[in-house]
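As stored in work-v1.txt (compact mmCIF, N, CA and C atoms):
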# COMPACT_ATOMS: atom_id res chain seq x y z
N MET A 1070 -35.59 16.29 17.48
CA MET A 1070 -35.46 16.77 16.11
C MET A 1070 -33.98 16.86 15.75
N ALA A 1071 -33.64 16.32 14.61
CA ALA A 1071 -32.25 16.29 14.16
C ALA A 1071 -31.83 17.68 13.71
N ASP A 1072 -30.62 18.02 14.05
CA ASP A 1072 -30.01 19.28 13.63
C ASP A 1072 -29.66 19.19 12.14
N ALA A 1073 -29.89 20.25 11.40
CA ALA A 1073 -29.58 20.25 9.96
C ALA A 1073 -28.10 20.04 9.70
N TYR A 1074 -27.26 20.29 10.70
CA TYR A 1074 -25.81 20.17 10.54
C TYR A 1074 -25.25 18.86 11.11
N ASP A 1075 -26.11 17.94 11.53
CA ASP A 1075 -25.64 16.64 12.05
C ASP A 1075 -24.76 15.92 11.03
N CYS A 1076 -25.07 16.09 9.76
CA CYS A 1076 -24.33 15.37 8.71
C CYS A 1076 -22.87 15.79 8.63
N ILE A 1077 -22.52 16.94 9.20
CA ILE A 1077 -21.12 17.36 9.15
C ILE A 1077 -20.44 17.34 10.52
N LYS A 1078 -21.04 16.63 11.46
CA LYS A 1078 -20.37 16.41 12.75
C LYS A 1078 -19.32 15.32 12.55
N LEU A 1079 -18.19 15.51 13.19
CA LEU A 1079 -17.09 14.55 13.08
C LEU A 1079 -17.53 13.14 13.46
N GLU A 1080 -18.35 13.03 14.49
CA GLU A 1080 -18.80 11.72 14.97
C GLU A 1080 -19.68 10.99 13.97
N ASN A 1081 -20.17 11.69 12.94
CA ASN A 1081 -21.03 11.08 11.93
C ASN A 1081 -20.29 10.78 10.63
N GLN A 1082 -18.99 10.91 10.64
CA GLN A 1082 -18.20 10.71 9.43
C GLN A 1082 -17.52 9.35 9.41
N LEU A 1083 -17.78 8.55 8.41
CA LEU A 1083 -17.08 7.29 8.23
C LEU A 1083 -15.62 7.55 7.86
N CYS A 1084 -15.38 8.61 7.11
CA CYS A 1084 -14.02 8.90 6.65
C CYS A 1084 -13.06 9.20 7.80
N PHE A 1085 -13.54 9.80 8.88
CA PHE A 1085 -12.62 10.19 9.95
C PHE A 1085 -11.99 8.99 10.66
N PRO A 1086 -12.75 8.01 11.15
CA PRO A 1086 -12.07 6.88 11.80
C PRO A 1086 -11.20 6.08 10.82
N LEU A 1087 -11.57 6.05 9.54
CA LEU A 1087 -10.72 5.40 8.55
C LEU A 1087 -9.39 6.13 8.44
N TYR A 1088 -9.46 7.45 8.33
CA TYR A 1088 -8.26 8.28 8.24
C TYR A 1088 -7.39 8.14 9.49
N ALA A 1089 -7.99 8.29 10.66
CA ALA A 1089 -7.23 8.25 11.91
C ALA A 1089 -6.62 6.86 12.15
N ALA A 1090 -7.39 5.81 11.89
CA ALA A 1090 -6.88 4.45 12.07
C ALA A 1090 -5.73 4.18 11.10
N SER A 1091 -5.88 4.61 9.87
CA SER A 1091 -4.81 4.43 8.88
C SER A 1091 -3.54 5.14 9.32
N LYS A 1092 -3.68 6.36 9.78
CA LYS A 1092 -2.53 7.14 10.24
C LYS A 1092 -1.83 6.45 11.41
N GLU A 1093 -2.61 5.93 12.35
CA GLU A 1093 -2.03 5.27 13.53
C GLU A 1093 -1.36 3.95 13.16
N ILE A 1094 -1.97 3.21 12.26
CA ILE A 1094 -1.37 1.94 11.83
C ILE A 1094 -0.06 2.21 11.10
N ILE A 1095 -0.05 3.18 10.21
CA ILE A 1095 1.19 3.51 9.48
C ILE A 1095 2.26 3.99 10.45
N ARG A 1096 1.86 4.72 11.48
CA ARG A 1096 2.81 5.16 12.50
C ARG A 1096 3.40 3.95 13.24
N ALA A 1097 2.59 2.93 13.48
CA ALA A 1097 3.08 1.71 14.14
C ALA A 1097 4.10 0.98 13.27
N TYR A 1098 3.95 1.06 11.97
CA TYR A 1098 4.90 0.42 11.05
C TYR A 1098 6.27 1.11 11.07
N LYS A 1099 6.30 2.39 11.35
CA LYS A 1099 7.52 3.19 11.16
C LYS A 1099 8.78 2.59 11.77
N PRO A 1100 8.82 2.19 13.04
CA PRO A 1100 10.09 1.66 13.56
C PRO A 1100 10.55 0.39 12.85
N PHE A 1101 9.62 -0.44 12.44
CA PHE A 1101 9.97 -1.68 11.74
C PHE A 1101 10.47 -1.39 10.33
N LEU A 1102 9.85 -0.41 9.68
CA LEU A 1102 10.27 -0.04 8.33
C LEU A 1102 11.56 0.76 8.35
N ASP A 1103 11.76 1.58 9.38
CA ASP A 1103 13.02 2.30 9.52
C ASP A 1103 14.19 1.31 9.58
N ALA A 1104 13.96 0.19 10.24
CA ALA A 1104 15.01 -0.82 10.39
C ALA A 1104 15.44 -1.41 9.05
N ILE A 1105 14.55 -1.40 8.06
CA ILE A 1105 14.91 -1.91 6.74
C ILE A 1105 14.96 -0.78 5.69
N ASP A 1106 14.98 0.45 6.18
CA ASP A 1106 15.14 1.65 5.34
C ASP A 1106 14.08 1.77 4.25
N LEU A 1107 12.81 1.59 4.64
CA LEU A 1107 11.70 1.78 3.71
C LEU A 1107 10.64 2.68 4.34
N THR A 1108 9.98 3.46 3.51
CA THR A 1108 8.78 4.17 3.94
C THR A 1108 7.61 3.19 3.80
N TYR A 1109 6.46 3.56 4.33
CA TYR A 1109 5.30 2.67 4.20
C TYR A 1109 4.94 2.46 2.73
N THR A 1110 4.95 3.52 1.94
CA THR A 1110 4.57 3.39 0.53
C THR A 1110 5.59 2.55 -0.22
N GLN A 1111 6.88 2.69 0.11
CA GLN A 1111 7.90 1.83 -0.50
C GLN A 1111 7.67 0.37 -0.09
N TYR A 1112 7.28 0.17 1.15
CA TYR A 1112 7.02 -1.18 1.66
C TYR A 1112 5.88 -1.85 0.89
N ILE A 1113 4.78 -1.16 0.67
CA ILE A 1113 3.67 -1.79 -0.05
C ILE A 1113 4.05 -2.04 -1.51
N ALA A 1114 4.87 -1.15 -2.08
CA ALA A 1114 5.36 -1.39 -3.45
C ALA A 1114 6.24 -2.64 -3.47
N MET A 1115 7.08 -2.79 -2.45
CA MET A 1115 7.94 -3.98 -2.39
C MET A 1115 7.09 -5.24 -2.16
N MET A 1116 5.99 -5.14 -1.43
CA MET A 1116 5.12 -6.30 -1.26
C MET A 1116 4.60 -6.77 -2.63
N VAL A 1117 4.24 -5.81 -3.48
CA VAL A 1117 3.80 -6.16 -4.83
C VAL A 1117 4.95 -6.84 -5.58
N MET A 1118 6.16 -6.30 -5.45
CA MET A 1118 7.31 -6.87 -6.15
C MET A 1118 7.64 -8.28 -5.63
N TRP A 1119 7.56 -8.49 -4.33
CA TRP A 1119 7.83 -9.82 -3.78
C TRP A 1119 6.83 -10.85 -4.30
N GLU A 1120 5.62 -10.39 -4.54
CA GLU A 1120 4.59 -11.31 -5.02
C GLU A 1120 4.68 -11.54 -6.53
N HIS A 1121 4.98 -10.48 -7.29
CA HIS A 1121 4.91 -10.56 -8.75
C HIS A 1121 6.27 -10.65 -9.46
N GLU A 1122 7.31 -10.20 -8.84
CA GLU A 1122 8.68 -10.16 -9.38
C GLU A 1122 8.83 -9.24 -10.58
N GLU A 1123 7.90 -9.24 -11.50
CA GLU A 1123 7.91 -8.30 -12.62
C GLU A 1123 6.47 -7.90 -12.91
N ILE A 1124 6.28 -6.59 -13.11
CA ILE A 1124 4.92 -6.06 -13.28
C ILE A 1124 5.00 -4.73 -14.01
N SER A 1125 3.95 -4.37 -14.70
CA SER A 1125 3.92 -3.05 -15.35
C SER A 1125 3.58 -1.98 -14.30
N LEU A 1126 4.03 -0.78 -14.58
CA LEU A 1126 3.73 0.36 -13.69
C LEU A 1126 2.21 0.52 -13.57
N LYS A 1127 1.51 0.37 -14.68
CA LYS A 1127 0.05 0.53 -14.67
C LYS A 1127 -0.61 -0.50 -13.75
N GLU A 1128 -0.18 -1.76 -13.84
CA GLU A 1128 -0.77 -2.81 -13.01
C GLU A 1128 -0.41 -2.59 -11.53
N MET A 1129 0.81 -2.16 -11.27
CA MET A 1129 1.19 -1.87 -9.88
C MET A 1129 0.32 -0.75 -9.32
N GLY A 1130 0.10 0.28 -10.11
CA GLY A 1130 -0.76 1.38 -9.70
C GLY A 1130 -2.17 0.92 -9.39
N ARG A 1131 -2.67 0.01 -10.21
CA ARG A 1131 -4.02 -0.53 -9.99
C ARG A 1131 -4.08 -1.30 -8.67
N LEU A 1132 -3.08 -2.12 -8.41
CA LEU A 1132 -3.07 -2.92 -7.19
C LEU A 1132 -2.93 -2.07 -5.93
N LEU A 1133 -2.16 -0.99 -6.03
CA LEU A 1133 -1.89 -0.14 -4.86
C LEU A 1133 -2.80 1.08 -4.76
N TYR A 1134 -3.67 1.27 -5.74
CA TYR A 1134 -4.54 2.45 -5.78
C TYR A 1134 -3.69 3.73 -5.76
N LEU A 1135 -2.62 3.71 -6.55
CA LEU A 1135 -1.73 4.87 -6.67
C LEU A 1135 -1.57 5.24 -8.14
N ASP A 1136 -1.46 6.53 -8.42
CA ASP A 1136 -1.26 6.95 -9.81
C ASP A 1136 0.23 6.98 -10.15
N SER A 1137 0.52 7.11 -11.43
CA SER A 1137 1.92 7.07 -11.87
C SER A 1137 2.71 8.25 -11.34
N GLY A 1138 2.05 9.37 -11.07
CA GLY A 1138 2.74 10.53 -10.51
C GLY A 1138 3.25 10.28 -9.10
N THR A 1139 2.60 9.38 -8.38
CA THR A 1139 3.04 8.98 -7.05
C THR A 1139 4.05 7.84 -7.15
N LEU A 1140 3.78 6.90 -8.04
CA LEU A 1140 4.64 5.72 -8.15
C LEU A 1140 6.01 6.01 -8.75
N THR A 1141 6.07 6.87 -9.75
CA THR A 1141 7.33 7.10 -10.45
C THR A 1141 8.46 7.53 -9.52
N PRO A 1142 8.29 8.59 -8.70
CA PRO A 1142 9.39 8.96 -7.80
C PRO A 1142 9.69 7.88 -6.76
N LEU A 1143 8.65 7.19 -6.32
CA LEU A 1143 8.81 6.11 -5.35
C LEU A 1143 9.67 4.98 -5.94
N LEU A 1144 9.36 4.59 -7.17
CA LEU A 1144 10.11 3.52 -7.82
C LEU A 1144 11.54 3.95 -8.15
N LYS A 1145 11.73 5.22 -8.48
CA LYS A 1145 13.09 5.73 -8.72
C LYS A 1145 13.94 5.57 -7.47
N LYS A 1146 13.37 5.86 -6.31
CA LYS A 1146 14.11 5.72 -5.05
C LYS A 1146 14.43 4.26 -4.76
N LEU A 1147 13.47 3.37 -5.02
CA LEU A 1147 13.71 1.95 -4.80
C LEU A 1147 14.74 1.41 -5.79
N GLU A 1148 14.74 1.96 -7.00
CA GLU A 1148 15.75 1.56 -7.99
C GLU A 1148 17.13 2.04 -7.54
N LYS A 1149 17.21 3.24 -7.03
CA LYS A 1149 18.48 3.79 -6.54
C LYS A 1149 19.03 2.94 -5.37
N LYS A 1150 18.12 2.37 -4.56
CA LYS A 1150 18.55 1.51 -3.45
C LYS A 1150 18.97 0.13 -3.95
N GLY A 1151 18.70 -0.16 -5.22
CA GLY A 1151 19.09 -1.44 -5.81
C GLY A 1151 18.06 -2.53 -5.67
N TYR A 1152 16.81 -2.19 -5.33
CA TYR A 1152 15.78 -3.19 -5.09
C TYR A 1152 14.99 -3.58 -6.33
N LEU A 1153 15.02 -2.74 -7.35
CA LEU A 1153 14.27 -3.04 -8.57
C LEU A 1153 14.89 -2.32 -9.74
N THR A 1154 14.45 -2.72 -10.94
CA THR A 1154 14.84 -2.02 -12.16
C THR A 1154 13.57 -1.62 -12.90
N ARG A 1155 13.67 -0.55 -13.66
CA ARG A 1155 12.56 -0.08 -14.48
C ARG A 1155 13.02 -0.06 -15.92
N THR A 1156 12.27 -0.71 -16.80
CA THR A 1156 12.62 -0.74 -18.22
C THR A 1156 11.36 -0.60 -19.07
N ARG A 1157 11.54 -0.03 -20.23
CA ARG A 1157 10.43 0.10 -21.18
C ARG A 1157 10.23 -1.24 -21.90
N ALA A 1158 8.99 -1.57 -22.17
CA ALA A 1158 8.68 -2.79 -22.92
C ALA A 1158 9.21 -2.64 -24.34
N LYS A 1159 9.82 -3.71 -24.85
CA LYS A 1159 10.42 -3.67 -26.19
C LYS A 1159 9.37 -3.49 -27.28
N ASP A 1160 8.21 -4.11 -27.09
CA ASP A 1160 7.17 -4.05 -28.12
C ASP A 1160 6.29 -2.81 -28.01
N ASP A 1161 6.34 -2.10 -26.88
CA ASP A 1161 5.53 -0.88 -26.70
C ASP A 1161 6.21 0.00 -25.65
N GLU A 1162 6.92 1.00 -26.12
CA GLU A 1162 7.71 1.84 -25.21
C GLU A 1162 6.87 2.68 -24.25
N ARG A 1163 5.57 2.70 -24.45
CA ARG A 1163 4.70 3.42 -23.51
C ARG A 1163 4.57 2.65 -22.21
N ILE A 1164 4.85 1.36 -22.24
CA ILE A 1164 4.71 0.50 -21.05
C ILE A 1164 6.02 0.45 -20.29
N LEU A 1165 5.95 0.78 -19.02
CA LEU A 1165 7.11 0.71 -18.14
C LEU A 1165 6.96 -0.54 -17.27
N ASN A 1166 7.95 -1.42 -17.34
CA ASN A 1166 7.94 -2.63 -16.53
C ASN A 1166 8.89 -2.47 -15.35
N VAL A 1167 8.50 -3.03 -14.24
CA VAL A 1167 9.28 -2.97 -13.01
C VAL A 1167 9.63 -4.41 -12.66
N LYS A 1168 10.92 -4.64 -12.36
CA LYS A 1168 11.39 -5.99 -12.06
C LYS A 1168 12.22 -5.95 -10.78
N ILE A 1169 11.99 -6.91 -9.90
CA ILE A 1169 12.72 -6.98 -8.64
C ILE A 1169 14.15 -7.47 -8.90
N THR A 1170 15.10 -6.98 -8.12
CA THR A 1170 16.48 -7.44 -8.20
C THR A 1170 16.72 -8.50 -7.12
N GLU A 1171 17.88 -9.13 -7.16
CA GLU A 1171 18.22 -10.10 -6.12
C GLU A 1171 18.25 -9.42 -4.75
N GLU A 1172 18.79 -8.21 -4.70
CA GLU A 1172 18.83 -7.46 -3.44
C GLU A 1172 17.42 -7.15 -2.93
N GLY A 1173 16.53 -6.79 -3.84
CA GLY A 1173 15.14 -6.53 -3.47
C GLY A 1173 14.45 -7.79 -2.98
N ALA A 1174 14.72 -8.91 -3.64
CA ALA A 1174 14.13 -10.18 -3.21
C ALA A 1174 14.66 -10.58 -1.84
N ALA A 1175 15.94 -10.32 -1.58
CA ALA A 1175 16.54 -10.68 -0.29
C ALA A 1175 15.95 -9.86 0.85
N LEU A 1176 15.49 -8.65 0.55
CA LEU A 1176 14.90 -7.79 1.58
C LEU A 1176 13.65 -8.42 2.18
N ARG A 1177 13.01 -9.27 1.43
CA ARG A 1177 11.79 -9.94 1.92
C ARG A 1177 12.05 -10.70 3.22
N LYS A 1178 13.23 -11.29 3.35
CA LYS A 1178 13.57 -12.04 4.57
C LYS A 1178 13.60 -11.13 5.80
N GLU A 1179 13.98 -9.88 5.59
CA GLU A 1179 14.02 -8.92 6.70
C GLU A 1179 12.63 -8.38 7.03
N ALA A 1180 11.72 -8.43 6.07
CA ALA A 1180 10.38 -7.85 6.24
C ALA A 1180 9.33 -8.87 6.66
N VAL A 1181 9.64 -10.14 6.60
CA VAL A 1181 8.62 -11.17 6.77
C VAL A 1181 7.93 -11.15 8.14
N HIS A 1182 8.58 -10.63 9.15
CA HIS A 1182 7.98 -10.63 10.50
C HIS A 1182 7.21 -9.35 10.81
N ILE A 1183 7.25 -8.38 9.92
CA ILE A 1183 6.56 -7.11 10.18
C ILE A 1183 5.05 -7.28 10.35
N PRO A 1184 4.35 -8.01 9.49
CA PRO A 1184 2.90 -8.14 9.70
C PRO A 1184 2.53 -8.73 11.06
N GLU A 1185 3.29 -9.69 11.53
CA GLU A 1185 3.02 -10.28 12.85
C GLU A 1185 3.21 -9.24 13.96
N LYS A 1186 4.26 -8.44 13.84
CA LYS A 1186 4.51 -7.41 14.84
C LYS A 1186 3.39 -6.37 14.84
N ILE A 1187 2.91 -6.01 13.67
CA ILE A 1187 1.83 -5.03 13.57
C ILE A 1187 0.52 -5.61 14.10
N SER A 1188 0.24 -6.86 13.77
CA SER A 1188 -1.03 -7.44 14.23
C SER A 1188 -1.09 -7.52 15.75
N SER A 1189 0.05 -7.62 16.41
CA SER A 1189 0.05 -7.64 17.87
C SER A 1189 -0.27 -6.27 18.46
N CYS A 1190 -0.18 -5.22 17.65
CA CYS A 1190 -0.51 -3.86 18.10
C CYS A 1190 -1.99 -3.54 17.94
N ILE A 1191 -2.69 -4.34 17.16
CA ILE A 1191 -4.09 -4.05 16.84
C ILE A 1191 -4.99 -4.95 17.69
N CYS A 1192 -5.88 -4.32 18.42
CA CYS A 1192 -6.76 -5.06 19.35
C CYS A 1192 -7.98 -5.59 18.62
N MET A 1193 -7.77 -6.62 17.80
CA MET A 1193 -8.86 -7.24 17.06
C MET A 1193 -8.63 -8.73 17.02
N LYS A 1194 -9.72 -9.45 17.06
CA LYS A 1194 -9.64 -10.89 16.83
C LYS A 1194 -9.40 -11.12 15.35
N PRO A 1195 -8.76 -12.24 15.00
CA PRO A 1195 -8.49 -12.50 13.57
C PRO A 1195 -9.74 -12.44 12.70
N GLU A 1196 -10.86 -12.94 13.20
CA GLU A 1196 -12.09 -12.90 12.39
C GLU A 1196 -12.61 -11.47 12.22
N GLU A 1197 -12.41 -10.61 13.22
CA GLU A 1197 -12.79 -9.20 13.10
C GLU A 1197 -11.91 -8.51 12.06
N ALA A 1198 -10.63 -8.80 12.10
CA ALA A 1198 -9.71 -8.22 11.12
C ALA A 1198 -10.07 -8.67 9.71
N ALA A 1199 -10.43 -9.93 9.55
CA ALA A 1199 -10.83 -10.45 8.23
C ALA A 1199 -12.10 -9.75 7.74
N GLU A 1200 -13.05 -9.54 8.64
CA GLU A 1200 -14.29 -8.86 8.26
C GLU A 1200 -14.01 -7.40 7.88
N LEU A 1201 -13.17 -6.74 8.66
CA LEU A 1201 -12.82 -5.35 8.35
C LEU A 1201 -12.13 -5.27 7.00
N TYR A 1202 -11.21 -6.17 6.74
CA TYR A 1202 -10.50 -6.23 5.46
C TYR A 1202 -11.51 -6.30 4.31
N GLN A 1203 -12.49 -7.21 4.42
CA GLN A 1203 -13.50 -7.36 3.37
C GLN A 1203 -14.33 -6.09 3.20
N LEU A 1204 -14.71 -5.46 4.30
CA LEU A 1204 -15.50 -4.24 4.23
C LEU A 1204 -14.71 -3.09 3.60
N LEU A 1205 -13.44 -2.97 3.95
CA LEU A 1205 -12.63 -1.91 3.38
C LEU A 1205 -12.44 -2.11 1.87
N TYR A 1206 -12.22 -3.36 1.46
CA TYR A 1206 -12.10 -3.61 0.03
C TYR A 1206 -13.42 -3.39 -0.69
N LYS A 1207 -14.52 -3.58 -0.02
CA LYS A 1207 -15.83 -3.28 -0.61
C LYS A 1207 -15.92 -1.79 -0.93
N ILE A 1208 -15.41 -0.96 -0.02
CA ILE A 1208 -15.36 0.49 -0.25
C ILE A 1208 -14.45 0.80 -1.45
N LEU A 1209 -13.26 0.22 -1.45
CA LEU A 1209 -12.29 0.48 -2.54
C LEU A 1209 -12.85 0.06 -3.89
N VAL A 1210 -13.45 -1.10 -3.96
CA VAL A 1210 -14.02 -1.58 -5.22
C VAL A 1210 -15.15 -0.66 -5.67
N GLY A 1211 -15.93 -0.17 -4.72
CA GLY A 1211 -17.00 0.76 -5.06
C GLY A 1211 -16.48 2.03 -5.71
N PHE A 1212 -15.37 2.55 -5.20
CA PHE A 1212 -14.77 3.73 -5.79
C PHE A 1212 -14.15 3.41 -7.16
N SER A 1213 -13.55 2.24 -7.28
CA SER A 1213 -12.95 1.83 -8.58
C SER A 1213 -14.03 1.71 -9.62
N ASP A 1214 -15.15 1.09 -9.25
CA ASP A 1214 -16.24 0.90 -10.20
C ASP A 1214 -16.86 2.23 -10.63
N SER A 1215 -16.92 3.19 -9.70
CA SER A 1215 -17.54 4.48 -10.01
C SER A 1215 -16.67 5.32 -10.95
N GLU A 1216 -15.36 4.98 -11.06
CA GLU A 1216 -14.47 5.74 -11.94
C GLU A 1216 -14.52 5.24 -13.37
N LYS A 1217 -15.17 4.10 -13.61
CA LYS A 1217 -15.21 3.52 -14.96
C LYS A 1217 -16.31 4.14 -15.78
The structure in this file should be written as structure tokens.
Amino acid sequence: MADAYDCIKLENQLCFPLYAASKEIIRAYKPFLDAIDLTYTQYIAMMVMWEHEEISLKEMGRLLYLDSGTLTPLLKKLEKKGYLTRTRAKDDERILNVKITEEGAALRKEAVHIPEKISSCICMKPEEAAELYQLLYKILVGFSDSEK
């Protein structure tokens, strides 16, 4: 007979291994990101910038699953480091656009080997990692859809 409290046992929680794995992976990134003077959140923001070069704050938030209250101080720090600029759209001042600088673009050369170094720390076959990636995005999309 199942215990009425089985549902709140740690071993029955999907959220716990997701949380713990995320924490450990981000910890593995730390020495590589320290070498280029970025936090993990700054790093993922720079990944968006390397891919898009110019993007609105709203779109960046959507891609990173971060709100403007989290992104604004993060982007201010990256701007202070000289990696990007933030400007208001001329046709609508409510829109804040973020644009990569030459220095920010050059940082990509220092970061390009980080994913390979991290993947060597994770004990998964490439096809397992691809499947996990798809499953995690399925969770994220489910939460995004439920907020609409």
Give me the residues near stretch 1179-1186 of chain A as a PDB file with N, CA and C atoms, in the frame of the given file, where near means some atom within 8 Å (using only N, CA and C atoms) and where sequence neighbours in that chain fewer than 5 positions away do not count.
ATOM      1  N   ALA A1097       2.590   2.930  13.480  1.00  0.00           N
ATOM      2  CA  ALA A1097       3.080   1.710  14.140  1.00  0.00           C
ATOM      3  C   ALA A1097       4.100   0.980  13.270  1.00  0.00           C
ATOM      4  N   TYR A1098       3.950   1.060  11.970  1.00  0.00           N
ATOM      5  CA  TYR A1098       4.900   0.420  11.050  1.00  0.00           C
ATOM      6  C   TYR A1098       6.270   1.110  11.070  1.00  0.00           C
ATOM      7  N   PHE A1101       9.620  -0.440  12.440  1.00  0.00           N
ATOM      8  CA  PHE A1101       9.970  -1.680  11.740  1.00  0.00           C
ATOM      9  C   PHE A1101      10.470  -1.390  10.330  1.00  0.00           C
ATOM     10  N   LEU A1102       9.850  -0.410   9.680  1.00  0.00           N
ATOM     11  CA  LEU A1102      10.270  -0.040   8.330  1.00  0.00           C
ATOM     12  C   LEU A1102      11.560   0.760   8.350  1.00  0.00           C
ATOM     13  N   ALA A1104      13.960   0.190  10.240  1.00  0.00           N
ATOM     14  CA  ALA A1104      15.010  -0.820  10.390  1.00  0.00           C
ATOM     15  C   ALA A1104      15.440  -1.410   9.050  1.00  0.00           C
ATOM     16  N   ILE A1105      14.550  -1.400   8.060  1.00  0.00           N
ATOM     17  CA  ILE A1105      14.910  -1.910   6.740  1.00  0.00           C
ATOM     18  C   ILE A1105      14.960  -0.780   5.690  1.00  0.00           C
ATOM     19  N   ALA A1174      14.720  -8.910  -3.640  1.00  0.00           N
ATOM     20  CA  ALA A1174      14.130 -10.180  -3.210  1.00  0.00           C
ATOM     21  C   ALA A1174      14.660 -10.580  -1.840  1.00  0.00           C
ATOM     22  N   ILE A1191      -2.690  -4.340  17.160  1.00  0.00           N
ATOM     23  CA  ILE A1191      -4.090  -4.050  16.840  1.00  0.00           C
ATOM     24  C   ILE A1191      -4.990  -4.950  17.690  1.00  0.00           C
TER      25      ILE A1191
END
Grab the atom CA of A:Gln1082 to atom CA of A:Leu1205 distance for me, in Å with one decimal place.
-> 15.1 Å
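Minimum distance to A:Trp1119 across A:Ile1187, A:Ala1199, A:Leu1083, A:Val1167 (counting only C-alpha atoms) occurs at A:Val1167.
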Counting all atoms listed in the file, the residue of A:Leu1165, A:Ala1090, A:Leu1107, A:Ala1198 that sits nearest A:Lys1127 |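 Checking each candidate against A:Lys1127, we get A:Leu1165 as the closest.
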Which of stretch 1071-1188 of chain A DSSP labels strand (DSSP E or B), written as an MDAnalysis selection string | chainID A and resid 1123:1125 1153:1157 1165:1169
Nearest to A:Lys1168, chosen from A:Lys1146, A:His1121, A:Lys1078, A:Lys1207, with only N, CA and C atoms counted in the distances =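 Looking at the shortest contact to A:Lys1168, the residue is A:His1121.
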Enter the distance from atom N of A:Tyr1152 to atom C of A:Thr1170, in Å, rounded to one decimal.
->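 Separating atom N of A:Tyr1152 from atom C of A:Thr1170 is a distance of 6.6 Å.
Using only C-alpha atoms, the shortest contact distance between A:Glu1171 and any of A:Leu1140, A:Ile1094, A:Leu1153, A:Leu1204 is found at A:Leu1153.
Of note, atom N of A:Asp1161 and atom C of A:Ser1125 are spaced 12.9 Å apart.
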Pick the closest to A:Ile1208 from A:Leu1135, A:Ala1071, A:Ala1175, A:Leu1087: which is it, counting only C-alpha atoms?
->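 Under the stated criterion, the closest residue is A:Leu1087.
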From a DSSP pass on the backbone, collect the residues of stretch 1095-1178 of chain A flagged as helix (DSSP H, G or I) and hand them back as a ChimeraX atom specification.
-> /A:1095-1104,1109-1121,1126-1133,1137-1149,1171-1178
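Closest approach to A:Tyr1109 among A:Glu1123, A:Leu1143, A:Arg1155, A:Lys1178 is made by A:Leu1143 (distances from only C-alpha atoms).
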